>>> print(open('query.txt').read())   # compact mmCIF, C-alpha atoms
# COMPACT_ATOMS: atom_id res chain seq x y z
CA MET A 732 0.00 0.00 0.00
CA LYS A 733 1.09 3.57 -0.65
CA ARG A 734 2.65 5.76 2.06
CA SER A 735 2.75 9.53 1.83
CA LYS A 736 6.07 11.16 1.06
CA ARG A 737 5.29 13.87 3.60
CA SER A 738 5.65 11.31 6.39
CA GLU A 739 9.28 10.67 5.45
CA ILE A 740 10.59 13.48 7.60
CA ALA A 741 13.48 13.16 10.01
CA PRO A 742 12.74 11.86 13.50
CA PHE A 743 12.78 14.15 16.51
CA ILE A 744 16.00 12.70 17.94
CA VAL A 745 15.51 13.99 21.48
CA MET A 746 12.42 11.81 21.78
CA GLU A 747 14.49 8.79 20.74
CA VAL A 748 17.07 9.67 23.41
CA LEU A 749 14.24 9.96 25.94
CA GLU A 750 12.98 6.52 24.92
CA ALA A 751 16.45 5.02 25.41
CA ALA A 752 16.78 6.76 28.78
CA ASN A 753 13.39 5.46 29.89
CA ALA A 754 14.35 1.93 28.82
CA ARG A 755 17.47 2.20 30.96
CA ALA A 756 15.38 3.37 33.91
CA ALA A 757 12.87 0.55 33.38
CA ALA A 758 15.77 -1.93 33.58
CA GLY A 759 16.61 -0.61 37.03
CA ALA A 760 19.48 1.76 36.23
CA ASP A 761 19.38 5.42 37.21
CA VAL A 762 19.04 8.22 34.65
CA LEU A 763 19.72 11.94 34.97
CA HIS A 764 17.61 13.72 32.34
CA LEU A 765 19.58 16.50 30.66
CA GLU A 766 18.09 15.73 27.24
CA VAL A 767 14.58 17.21 27.36
CA GLY A 768 13.37 20.71 28.10
CA GLU A 769 11.15 19.52 30.94
CA PRO A 770 10.94 22.20 33.66
CA GLY A 771 11.50 20.85 37.14
CA GLY A 772 9.04 21.65 39.89
CA GLY A 773 5.84 20.90 38.00
CA PRO A 774 2.96 23.27 37.29
CA PRO A 775 2.12 26.05 39.75
CA ALA A 776 -0.30 25.12 42.50
CA SER A 777 -2.88 27.60 41.21
CA ALA A 778 -3.06 25.76 37.88
CA VAL A 779 -3.73 22.41 39.56
CA GLU A 780 -6.33 23.96 41.85
CA ALA A 781 -8.09 25.63 38.91
CA ALA A 782 -8.18 22.30 37.09
CA ARG A 783 -9.70 20.58 40.15
CA THR A 784 -12.33 23.29 40.44
CA ALA A 785 -13.20 22.97 36.76
CA LEU A 786 -13.49 19.19 37.04
CA ALA A 787 -15.88 19.53 39.95
CA GLY A 788 -18.15 22.22 38.58
CA THR A 789 -17.78 22.62 34.81
CA SER A 790 -19.05 20.49 31.94
CA LEU A 791 -15.67 20.75 30.16
CA GLY A 792 -17.26 20.64 26.75
CA TYR A 793 -15.74 22.18 23.64
CA SER A 794 -14.49 25.72 23.91
CA GLU A 795 -14.54 28.05 20.92
CA ALA A 796 -12.03 27.09 18.23
CA PHE A 797 -9.64 29.83 19.41
CA GLY A 798 -10.23 29.01 23.07
CA LEU A 799 -12.00 30.41 26.11
CA PRO A 800 -12.65 34.17 25.80
CA ALA A 801 -11.56 34.69 29.42
CA LEU A 802 -8.15 33.14 28.78
CA ARG A 803 -7.65 35.08 25.55
CA GLU A 804 -8.42 38.28 27.46
CA ARG A 805 -6.00 37.30 30.23
CA ILE A 806 -3.21 36.67 27.70
CA ALA A 807 -3.88 40.07 26.10
CA ARG A 808 -3.49 41.65 29.56
CA HIS A 809 -0.24 39.72 30.03
CA TYR A 810 1.17 41.40 26.90
CA ARG A 811 0.11 44.81 28.19
CA ASP A 812 1.67 44.22 31.61
CA ARG A 813 4.93 42.60 30.48
CA TYR A 814 5.64 44.21 27.11
CA GLY A 815 3.57 47.39 26.89
CA VAL A 816 1.70 46.19 23.78
CA GLU A 817 -2.02 45.45 23.58
CA PRO A 818 -3.04 42.84 21.02
CA PRO A 819 -6.85 42.51 20.83
CA PRO A 820 -8.12 39.24 22.35
CA ALA A 821 -9.74 38.51 18.97
CA ARG A 822 -6.26 38.05 17.51
CA ILE A 823 -5.19 35.54 20.17
CA ALA A 824 -5.70 31.84 19.45
CA LEU A 825 -5.25 29.05 21.98
CA THR A 826 -3.74 25.95 20.40
CA VAL A 827 -2.85 22.33 21.13
CA GLY A 828 0.61 23.19 22.39
CA ALA A 829 3.04 25.40 20.49
CA SER A 830 3.32 22.47 18.06
CA GLY A 831 -0.31 22.94 17.05
CA ALA A 832 0.34 26.66 16.71
CA PHE A 833 3.16 26.04 14.23
CA VAL A 834 0.98 23.75 12.13
CA LEU A 835 -1.80 26.34 11.99
CA ALA A 836 0.58 29.25 11.40
CA PHE A 837 2.46 27.54 8.58
CA LEU A 838 -0.75 26.37 6.88
CA ALA A 839 -2.34 29.82 7.16
CA ALA A 840 0.69 31.79 5.98
CA PHE A 841 2.49 29.61 3.42
CA ASP A 842 1.70 27.53 0.34
CA VAL A 843 3.35 24.40 -1.01
CA GLY A 844 6.66 25.41 -2.58
CA ASP A 845 7.06 28.62 -0.58
CA ARG A 846 10.54 29.26 0.84
CA VAL A 847 10.90 29.80 4.59
CA ALA A 848 14.24 30.59 6.23
CA LEU A 849 15.41 29.51 9.65
CA ALA A 850 18.65 29.42 11.57
CA GLU A 851 20.62 26.18 11.87
CA PRO A 852 21.10 25.04 14.56
CA GLY A 853 17.45 25.43 15.47
CA TYR A 854 14.44 23.61 16.82
CA PRO A 855 14.04 20.55 14.55
CA ALA A 856 10.24 20.59 14.48
CA TYR A 857 10.29 23.85 12.47
CA ARG A 858 12.13 22.09 9.68
CA ASN A 859 10.21 18.84 9.92
CA ILE A 860 6.74 20.42 10.00
CA LEU A 861 7.59 22.70 7.07
CA GLU A 862 8.88 19.77 5.03
CA ALA A 863 5.80 17.68 5.83
CA LEU A 864 3.66 20.54 4.50
CA GLY A 865 5.63 20.79 1.25
CA ILE A 866 7.28 24.10 2.16
CA GLU A 867 10.92 24.56 1.21
CA VAL A 868 13.25 25.04 4.16
CA VAL A 869 16.03 27.58 3.58
CA ALA A 870 18.72 26.85 6.16
CA LEU A 871 20.79 29.79 7.43
CA PRO A 872 24.01 28.33 8.88
CA VAL A 873 24.87 30.38 11.96
CA GLY A 874 27.58 30.01 14.58
CA PHE A 875 29.54 31.82 17.23
CA GLU A 876 30.18 34.83 14.98
CA GLU A 877 26.42 35.49 14.59
CA ARG A 878 25.68 34.35 18.14
CA PHE A 879 23.64 31.58 16.51
CA GLN A 880 20.97 33.99 15.26
CA PRO A 881 19.90 35.02 11.73
CA THR A 882 20.90 38.41 10.35
CA PRO A 883 19.55 40.59 7.52
CA GLU A 884 22.85 40.03 5.71
CA LEU A 885 22.30 36.26 5.70
CA LEU A 886 18.73 36.74 4.53
CA ALA A 887 19.85 38.98 1.68
CA ARG A 888 22.03 36.13 0.37
CA ALA A 889 19.33 33.47 0.72
CA GLY A 890 17.37 34.26 -2.44
CA PRO A 891 13.63 34.98 -2.63
CA LEU A 892 11.87 34.22 0.65
CA ASP A 893 8.26 33.96 1.79
CA GLY A 894 8.90 33.56 5.51
CA LEU A 895 11.41 33.66 8.35
CA ILE A 896 11.26 31.89 11.71
CA VAL A 897 13.16 33.43 14.62
CA ALA A 898 13.44 32.28 18.23
CA SER A 899 14.73 34.44 21.07
CA PRO A 900 15.67 32.82 23.42
CA ALA A 901 16.52 30.02 21.01
CA ASN A 902 16.55 26.27 21.27
CA PRO A 903 19.17 24.67 21.39
CA THR A 904 21.53 27.57 22.05
CA GLY A 905 19.75 29.84 24.52
CA THR A 906 20.95 32.92 22.61
CA MET A 907 18.77 36.01 22.31
CA LEU A 908 18.23 38.81 19.84
CA PRO A 909 18.63 42.25 21.46
CA GLY A 910 15.71 44.54 20.73
CA ALA A 911 17.65 46.49 18.11
CA GLU A 912 18.58 43.32 16.21
CA LEU A 913 15.05 41.96 16.40
CA GLY A 914 13.83 45.28 15.05
CA ARG A 915 16.35 45.13 12.21
CA LEU A 916 15.10 41.68 11.20
CA ALA A 917 11.49 42.81 11.43
CA ARG A 918 12.17 45.83 9.19
CA TRP A 919 14.00 43.67 6.64
CA CYS A 920 11.07 41.25 6.52
CA ARG A 921 8.53 44.06 6.20
CA ASP A 922 10.52 45.76 3.43
CA HIS A 923 10.83 42.50 1.48
CA GLY A 924 7.31 41.15 1.98
CA VAL A 925 8.51 38.26 4.15
CA ARG A 926 6.17 36.84 6.81
CA LEU A 927 7.95 36.80 10.18
CA VAL A 928 7.14 34.03 12.67
CA SER A 929 8.53 34.64 16.18
CA ASP A 930 8.84 31.68 18.53
CA GLU A 931 8.63 33.23 22.00
CA ILE A 932 8.08 30.01 23.93
CA TYR A 933 11.04 30.69 26.28
CA HIS A 934 10.03 34.24 27.14
CA GLY A 935 10.20 34.78 30.88
CA ILE A 936 13.26 32.51 31.19
CA THR A 937 16.13 34.96 30.73
CA TYR A 938 19.22 35.79 32.77
CA GLU A 939 20.81 39.08 31.67
CA ALA A 940 17.94 41.03 30.11
CA PRO A 941 14.24 40.41 29.45
CA ALA A 942 13.20 39.15 26.03
CA GLU A 943 11.43 41.53 23.70
CA THR A 944 8.34 40.50 21.76
CA VAL A 945 8.38 41.05 18.01
CA LEU A 946 4.99 42.79 18.38
CA ARG A 947 6.91 45.88 19.45
CA HIS A 948 8.38 46.01 15.94
CA ASP A 949 5.85 44.48 13.55
CA ASP A 950 2.13 44.06 14.15
CA ARG A 951 1.96 41.78 11.08
CA ALA A 952 4.25 39.12 12.51
CA ILE A 953 2.98 35.82 13.95
CA VAL A 954 3.88 35.21 17.60
CA VAL A 955 3.89 31.67 19.02
CA ASN A 956 4.07 30.97 22.74
CA SER A 957 3.14 28.19 25.14
CA PHE A 958 2.29 27.25 28.70
CA SER A 959 4.96 24.51 28.59
CA LYS A 960 8.17 26.29 29.56
CA PHE A 961 7.81 29.40 31.75
CA PHE A 962 4.49 28.10 33.12
CA CYS A 963 5.91 24.56 33.58
CA MET A 964 2.82 22.88 32.06
CA THR A 965 4.36 20.63 29.39
CA GLY A 966 1.86 17.76 29.57
CA TRP A 967 -1.17 20.03 29.49
CA ARG A 968 -0.49 20.66 25.79
CA LEU A 969 -1.62 24.26 25.54
CA GLY A 970 -0.06 27.03 23.49
CA TRP A 971 -1.17 30.24 21.86
CA MET A 972 -0.64 32.51 18.88
CA VAL A 973 -0.96 36.23 18.42
CA LEU A 974 -2.04 36.56 14.81
CA PRO A 975 -2.01 39.51 12.42
CA GLU A 976 -5.48 40.62 11.38
CA ASP A 977 -5.26 39.12 7.90
CA LEU A 978 -4.58 35.61 9.21
CA CYS A 979 -7.28 35.41 11.89
CA ALA A 980 -10.05 34.08 9.65
CA PRO A 981 -7.79 31.60 7.76
CA ALA A 982 -6.33 30.27 11.02
CA MET A 983 -9.82 30.02 12.54
CA ARG A 984 -11.06 27.87 9.66
CA LEU A 985 -8.02 25.62 9.92
CA ALA A 986 -8.36 25.31 13.69
CA GLN A 987 -12.04 24.41 13.44
CA ASN A 988 -11.33 21.59 11.02
CA LEU A 989 -7.98 20.27 12.27
CA PHE A 990 -8.41 20.49 16.05
CA ILE A 991 -11.99 21.68 16.74
CA ALA A 992 -10.74 23.31 19.96
CA PRO A 993 -7.82 23.22 22.40
CA PRO A 994 -8.25 21.08 25.56
CA THR A 995 -10.73 22.79 27.87
CA ILE A 996 -9.36 21.49 31.17
CA SER A 997 -5.92 22.85 30.27
CA GLN A 998 -7.38 26.27 29.54
CA HIS A 999 -8.98 26.45 32.98
CA ALA A 1000 -5.64 25.42 34.50
CA ALA A 1001 -3.84 28.10 32.51
CA LEU A 1002 -6.21 30.77 33.83
CA GLY A 1003 -5.24 29.66 37.31
CA ALA A 1004 -1.52 29.70 36.48
CA PHE A 1005 -1.63 33.45 35.89
CA ARG A 1006 -2.30 33.84 39.62
CA ASP A 1007 1.17 32.43 40.33
CA LEU A 1008 3.31 34.65 38.09
CA ALA A 1009 5.46 35.80 41.01
CA GLU A 1010 6.20 32.21 42.02
CA LEU A 1011 7.04 31.30 38.42
CA ASP A 1012 9.34 34.31 38.13
CA GLY A 1013 11.07 33.07 41.26
CA ARG A 1014 11.96 29.78 39.58
CA ILE A 1015 14.33 31.58 37.21
CA ALA A 1016 16.88 31.86 40.02
CA ARG A 1017 17.03 28.06 40.15
CA TYR A 1018 17.57 27.82 36.39
CA ARG A 1019 20.32 30.43 36.71
CA ARG A 1020 22.08 28.38 39.41
CA ASN A 1021 21.76 25.27 37.27
CA ARG A 1022 23.16 27.13 34.26
CA ASP A 1023 26.14 28.48 36.17
CA ARG A 1024 26.87 25.10 37.78
CA LEU A 1025 26.74 23.26 34.45
CA LEU A 1026 28.83 25.87 32.62
CA ALA A 1027 31.47 25.65 35.35
CA ALA A 1028 31.49 21.85 35.18
CA LEU A 1029 31.92 21.81 31.40
CA ARG A 1030 34.77 24.31 31.62
CA GLU A 1031 36.42 22.28 34.38
CA ALA A 1032 36.12 19.19 32.19
CA GLY A 1033 37.65 20.97 29.17
CA LEU A 1034 34.57 21.96 27.15
CA ALA A 1035 34.71 25.74 27.32
CA ARG A 1036 33.33 26.54 23.86
CA THR A 1037 29.57 26.96 24.24
CA ALA A 1038 26.88 29.20 22.80
CA PRO A 1039 26.08 32.02 25.25
CA PRO A 1040 22.94 30.84 27.13
CA ASP A 1041 21.19 34.18 27.61
CA GLY A 1042 17.84 32.49 28.17
CA ALA A 1043 15.89 29.22 27.97
CA PHE A 1044 17.55 26.30 29.80
CA TYR A 1045 20.05 24.79 27.38
CA ILE A 1046 23.80 24.79 26.82
CA TYR A 1047 24.96 24.00 23.29
CA ALA A 1048 28.53 22.80 23.65
CA ASP A 1049 31.23 22.15 21.06
CA ILE A 1050 32.49 18.58 21.67
CA ALA A 1051 34.90 18.32 18.75
CA GLY A 1052 37.76 17.43 21.09
CA LEU A 1053 36.03 14.34 22.48
CA GLY A 1054 36.60 12.18 19.41
CA GLY A 1055 33.58 10.61 17.72
CA ASP A 1056 30.32 12.17 16.69
CA ALA A 1057 27.60 13.52 18.97
CA THR A 1058 25.28 10.53 18.57
CA GLU A 1059 27.97 8.08 19.66
CA ILE A 1060 29.10 10.29 22.54
CA SER A 1061 25.53 10.83 23.74
CA ARG A 1062 24.92 7.06 23.67
CA ARG A 1063 28.12 6.26 25.55
CA MET A 1064 27.45 8.96 28.15
CA LEU A 1065 24.04 7.44 28.88
CA GLU A 1066 25.46 3.92 29.06
CA ASP A 1067 28.50 4.79 31.17
CA ILE A 1068 27.23 7.36 33.68
CA GLY A 1069 23.47 7.56 33.15
CA VAL A 1070 23.44 11.17 31.92
CA ALA A 1071 21.06 11.70 28.97
CA THR A 1072 21.88 14.48 26.50
CA THR A 1073 20.77 15.38 22.96
CA PRO A 1074 23.07 15.12 19.93
CA GLY A 1075 23.45 18.30 17.94
CA ASP A 1076 22.38 16.48 14.78
CA ASP A 1077 18.82 17.01 15.95
CA PHE A 1078 19.23 20.77 15.52
CA ASP A 1079 21.69 20.97 12.62
CA PRO A 1080 21.85 18.06 10.13
CA VAL A 1081 25.05 19.42 8.56
CA ARG A 1082 27.30 20.57 11.46
CA GLY A 1083 25.51 19.25 14.50
CA ALA A 1084 27.63 16.14 14.93
CA ARG A 1085 30.23 18.21 16.79
CA PHE A 1086 27.77 19.57 19.39
CA LEU A 1087 25.76 18.30 22.35
CA ARG A 1088 22.79 20.04 23.94
CA PHE A 1089 22.59 19.89 27.73
CA SER A 1090 19.29 20.86 29.35
CA PHE A 1091 19.47 22.36 32.83
CA ALA A 1092 15.70 22.56 33.35
CA ALA A 1093 15.65 19.78 35.95
CA GLU A 1094 15.74 20.09 39.72
CA GLU A 1095 19.00 21.38 41.18
CA ALA A 1096 19.91 18.05 42.76
CA VAL A 1097 19.67 16.35 39.36
CA VAL A 1098 21.89 18.90 37.65
CA ALA A 1099 24.41 18.86 40.51
CA GLU A 1100 24.72 15.07 40.39
CA ALA A 1101 25.01 15.14 36.57
CA CYS A 1102 27.88 17.63 36.88
CA ARG A 1103 29.61 15.42 39.43
CA ARG A 1104 29.54 12.53 36.97
CA LEU A 1105 30.26 14.54 33.83
CA VAL A 1106 33.57 16.13 34.85
CA PRO A 1107 35.64 12.93 35.27
CA TRP A 1108 33.92 11.20 32.35
CA LEU A 1109 34.56 14.08 29.95
CA ARG A 1110 38.15 14.45 31.14
CA ARG A 1111 38.83 10.77 30.47
CA ARG A 1112 37.23 11.01 27.06
CA LEU A 1113 39.26 14.11 26.15
CA ALA A 1114 42.47 12.43 27.32
CA GLU A 1115 41.71 9.28 25.31
CA ALA A 1116 40.88 11.34 22.21
CA GLY A 1117 44.11 13.30 22.63
CA ARG A 1118 46.18 10.09 22.86
CA VAL A 1119 44.53 8.70 19.76
CA ALA A 1120 45.25 11.94 17.87
CA THR A 1121 48.89 11.92 19.03
CA ASP A 1122 49.35 8.26 18.11
CA GLY A 1123 47.72 8.87 14.78
>>> encode(input="query.txt", output="structure tokens")
Amino acid sequence: MKRSKRSEIAPFIVMEVLEAANARAAAGADVLHLEVGEPGGGPPASAVEAARTALAGTSLGYSEAFGLPALRERIARHYRDRYGVEPPPARIALTVGASGAFVLAFLAAFDVGDRVALAEPGYPAYRNILEALGIEVVALPVGFEERFQPTPELLARAGPLDGLIVASPANPTGTMLPGAELGRLARWCRDHGVRLVSDEIYHGITYEAPAETVLRHDDRAIVVNSFSKFFCMTGWRLGWMVLPEDLCAPAMRLAQNLFIAPPTISQHAALGAFRDLAELDGRIARYRRNRDRLLAALREAGLARTAPPDGAFYIYADIAGLGGDATEISRRMLEDIGVATTPGDDFDPVRGARFLRFSFAAEEAVVAEACRRLVPWLRRRLAEAGRVATDG
């Protein structure tokens, strides 16, 4: 029987690493999860309480296709309070996670054969969803010189474009676009008729300066965000978009037919989560301690070349000196010391084999123990690789 060509996309490697880590745990061995962006600490208490209240007293039937009006209004107020911009609630769409938002955004904004640019390394689902939809991915190779972010100069050399995806803070690097640079990208896109999609899922998780929303620079951009990261509600599968006026009706029609509505219980929980913003802000100090501890451990072990983690909860480290590619090193690290990490191939199919992504989203005790194991293991690996190179 026939299979669709669109299903022949690359796997999401981090989920395969998670599967291997879970198999190790099921066999009775311990695992320290530094592979997935799973915030430690769980959802805020107000979210759980709101969900319990809704279960006890609400029918939990379908919401509107774009979600509960009360939650859309609360998100609009969040933009006013945090960013000083006021998108109308009518332009806010609740979605089945940020993943559902990307599907809707790409279908509403782009046609088969359109060309959409994105930085590599970058979140692999951008590339894989675009390819599944028949949209051409235009990779922008970026590195330390560009701080792993796209630039107007790179875009100018990329040929005709229909779209650009940016993420600040970014996955896997944690790098951010300062407001002036984000504005420069937005102006370039506006001047060249390029639809800008801004992934702002890690907003709220920053260490040196707050992230700036693209809505301050271009009201015609698409903003994607989620309750998974800052709000620590990964399994609730709830995200949102802020849409430009011209895409509201197209995205509504797509949402009605593809998803009907986002999960109602999760929306009630999300309304509750907004009551705990101060507590969620307080969790950033823990991520900062984890970041600093992990950076220090990698430097002590001999891996000092990393992308600057301005936000999110990842360190993207150059492992060229370890000998072997990232997939093999990640596998051996899990087998030898029980530390799960993600190979850079997931984020950059061309150059990613020389990088590993370490997540420091877990509880502090987990990250501290992972560091204790990583330093001697990495030192041994570097020494062995150095001897092989000398002998060779």
>>> residues_around(input="query.txt", residues="Asp949 in chain A", least_positions_apart="4", cutoff="12 Å", atoms="all atoms listed in the file", output="PDB file with C-alpha atoms, in the frame of the given file")
ATOM      1  CA  VAL A 816       1.700  46.190  23.780  1.00  0.00           C
ATOM      2  CA  PRO A 818      -3.040  42.840  21.020  1.00  0.00           C
ATOM      3  CA  LEU A 913      15.050  41.960  16.400  1.00  0.00           C
ATOM      4  CA  GLY A 914      13.830  45.280  15.050  1.00  0.00           C
ATOM      5  CA  ARG A 915      16.350  45.130  12.210  1.00  0.00           C
ATOM      6  CA  LEU A 916      15.100  41.680  11.200  1.00  0.00           C
ATOM      7  CA  ALA A 917      11.490  42.810  11.430  1.00  0.00           C
ATOM      8  CA  ARG A 918      12.170  45.830   9.190  1.00  0.00           C
ATOM      9  CA  TRP A 919      14.000  43.670   6.640  1.00  0.00           C
ATOM     10  CA  CYS A 920      11.070  41.250   6.520  1.00  0.00           C
ATOM     11  CA  ARG A 921       8.530  44.060   6.200  1.00  0.00           C
ATOM     12  CA  ASP A 922      10.520  45.760   3.430  1.00  0.00           C
ATOM     13  CA  VAL A 925       8.510  38.260   4.150  1.00  0.00           C
ATOM     14  CA  ARG A 926       6.170  36.840   6.810  1.00  0.00           C
ATOM     15  CA  LEU A 927       7.950  36.800  10.180  1.00  0.00           C
ATOM     16  CA  VAL A 928       7.140  34.030  12.670  1.00  0.00           C
ATOM     17  CA  SER A 929       8.530  34.640  16.180  1.00  0.00           C
ATOM     18  CA  GLU A 943      11.430  41.530  23.700  1.00  0.00           C
ATOM     19  CA  THR A 944       8.340  40.500  21.760  1.00  0.00           C
ATOM     20  CA  VAL A 945       8.380  41.050  18.010  1.00  0.00           C
ATOM     21  CA  ILE A 953       2.980  35.820  13.950  1.00  0.00           C
ATOM     22  CA  VAL A 954       3.880  35.210  17.600  1.00  0.00           C
ATOM     23  CA  VAL A 973      -0.960  36.230  18.420  1.00  0.00           C
ATOM     24  CA  LEU A 974      -2.040  36.560  14.810  1.00  0.00           C
ATOM     25  CA  PRO A 975      -2.010  39.510  12.420  1.00  0.00           C
TER      26      PRO A 975
END
>>> residues_near_point(input="query.txt", point="(3.6, 23.2, 15.8)", cutoff="10 Å", atoms="all atoms listed in the file", output="PyMOL selection string")
chain A and resi 826-837+856-857+859-861+955+970
>>> residues_around(input="query.txt", residues="Gly935 in chain A", least_positions_apart="5", cutoff="8 Å", atoms="only C-alpha atoms", output="list in words")
Pro941, Ala942, Phe961 and Asp1012 of chain A
>>> atom_distance(input="query.txt", atom1="CA of Ala796 in chain A", atom2="CA of Met983 in chain A")
6.8 Å
>>> axis_aligned_box(input="query.txt", around="range 818-831 of chain A", padding_each_side="8 Å", output="lines of an AutoDock Vina configuration file")
center_x = -3.2
center_y = 32.6
center_z = 19.7
size_x = 29.1
size_y = 36.5
size_z = 21.3
>>> atom_distance(input="query.txt", atom1="CA of Leu946 in chain A", atom2="CA of Ala1038 in chain A")
26.1 Å
>>> residues_around(input="query.txt", residues="Leu1065 in chain A", least_positions_apart="2", cutoff="9 Å", atoms="all atoms listed in the file", output="MDAnalysis selection string")
chainID A and resid 751:752 755 762:763 1060:1063 1067:1072
>>> atom_distance(input="query.txt", atom1="CA of Gln987 in chain A", atom2="CA of Ala1000 in chain A")
22.0 Å
>>> closest_residue(input="query.txt", among="A:Ala1001, A:Asp845, A:Phe875, A:Leu749", to="Glu769 in chain A", atoms="only C-alpha atoms")
A:Leu749
>>> build_atoms(input="query.txt", residues="range 763-780 of chain A", atoms="N, CA and C atoms", output="tab-separated table (two decimals), in the frame of the given file")
chain	number	residue	atom	x	y	z
A	763	LEU	N	19.80	10.51	34.72
A	763	LEU	CA	19.72	11.94	34.97
A	763	LEU	C	19.35	12.62	33.66
A	764	HIS	N	18.17	13.21	33.60
A	764	HIS	CA	17.61	13.72	32.34
A	764	HIS	C	18.11	15.13	32.06
A	765	LEU	N	19.12	15.22	31.19
A	765	LEU	CA	19.58	16.50	30.66
A	765	LEU	C	19.29	16.59	29.16
A	766	GLU	N	18.39	15.75	28.68
A	766	GLU	CA	18.09	15.73	27.24
A	766	GLU	C	16.85	16.52	26.87
A	767	VAL	N	15.83	16.55	27.73
A	767	VAL	CA	14.58	17.21	27.36
A	767	VAL	C	14.40	18.52	28.10
A	768	GLY	N	13.68	19.43	27.47
A	768	GLY	CA	13.37	20.71	28.10
A	768	GLY	C	12.14	20.59	28.97
A	769	GLU	N	12.26	19.79	30.02
A	769	GLU	CA	11.15	19.52	30.94
A	769	GLU	C	11.38	20.29	32.23
A	770	PRO	N	10.68	21.41	32.46
A	770	PRO	CA	10.94	22.20	33.66
A	770	PRO	C	10.73	21.40	34.93
A	771	GLY	N	11.66	21.49	35.85
A	771	GLY	CA	11.50	20.85	37.14
A	771	GLY	C	10.53	21.63	38.01
A	772	GLY	N	9.93	20.96	38.96
A	772	GLY	CA	9.04	21.65	39.89
A	772	GLY	C	7.58	21.51	39.58
A	773	GLY	N	7.24	21.12	38.35
A	773	GLY	CA	5.84	20.90	38.00
A	773	GLY	C	5.06	22.18	37.85
A	774	PRO	N	3.78	22.08	37.51
A	774	PRO	CA	2.96	23.27	37.29
A	774	PRO	C	2.72	24.02	38.60
A	775	PRO	N	2.41	25.31	38.52
A	775	PRO	CA	2.12	26.05	39.75
A	775	PRO	C	0.86	25.52	40.42
A	776	ALA	N	0.82	25.66	41.73
A	776	ALA	CA	-0.30	25.12	42.50
A	776	ALA	C	-1.63	25.70	42.05
A	777	SER	N	-1.63	26.96	41.63
A	777	SER	CA	-2.88	27.60	41.21
A	777	SER	C	-3.45	26.94	39.96
A	778	ALA	N	-2.58	26.44	39.08
A	778	ALA	CA	-3.06	25.76	37.88
A	778	ALA	C	-3.75	24.44	38.24
A	779	VAL	N	-3.14	23.69	39.14
A	779	VAL	CA	-3.73	22.41	39.56
A	779	VAL	C	-5.06	22.65	40.27
A	780	GLU	N	-5.10	23.66	41.13
A	780	GLU	CA	-6.33	23.96	41.85
A	780	GLU	C	-7.44	24.40	40.89
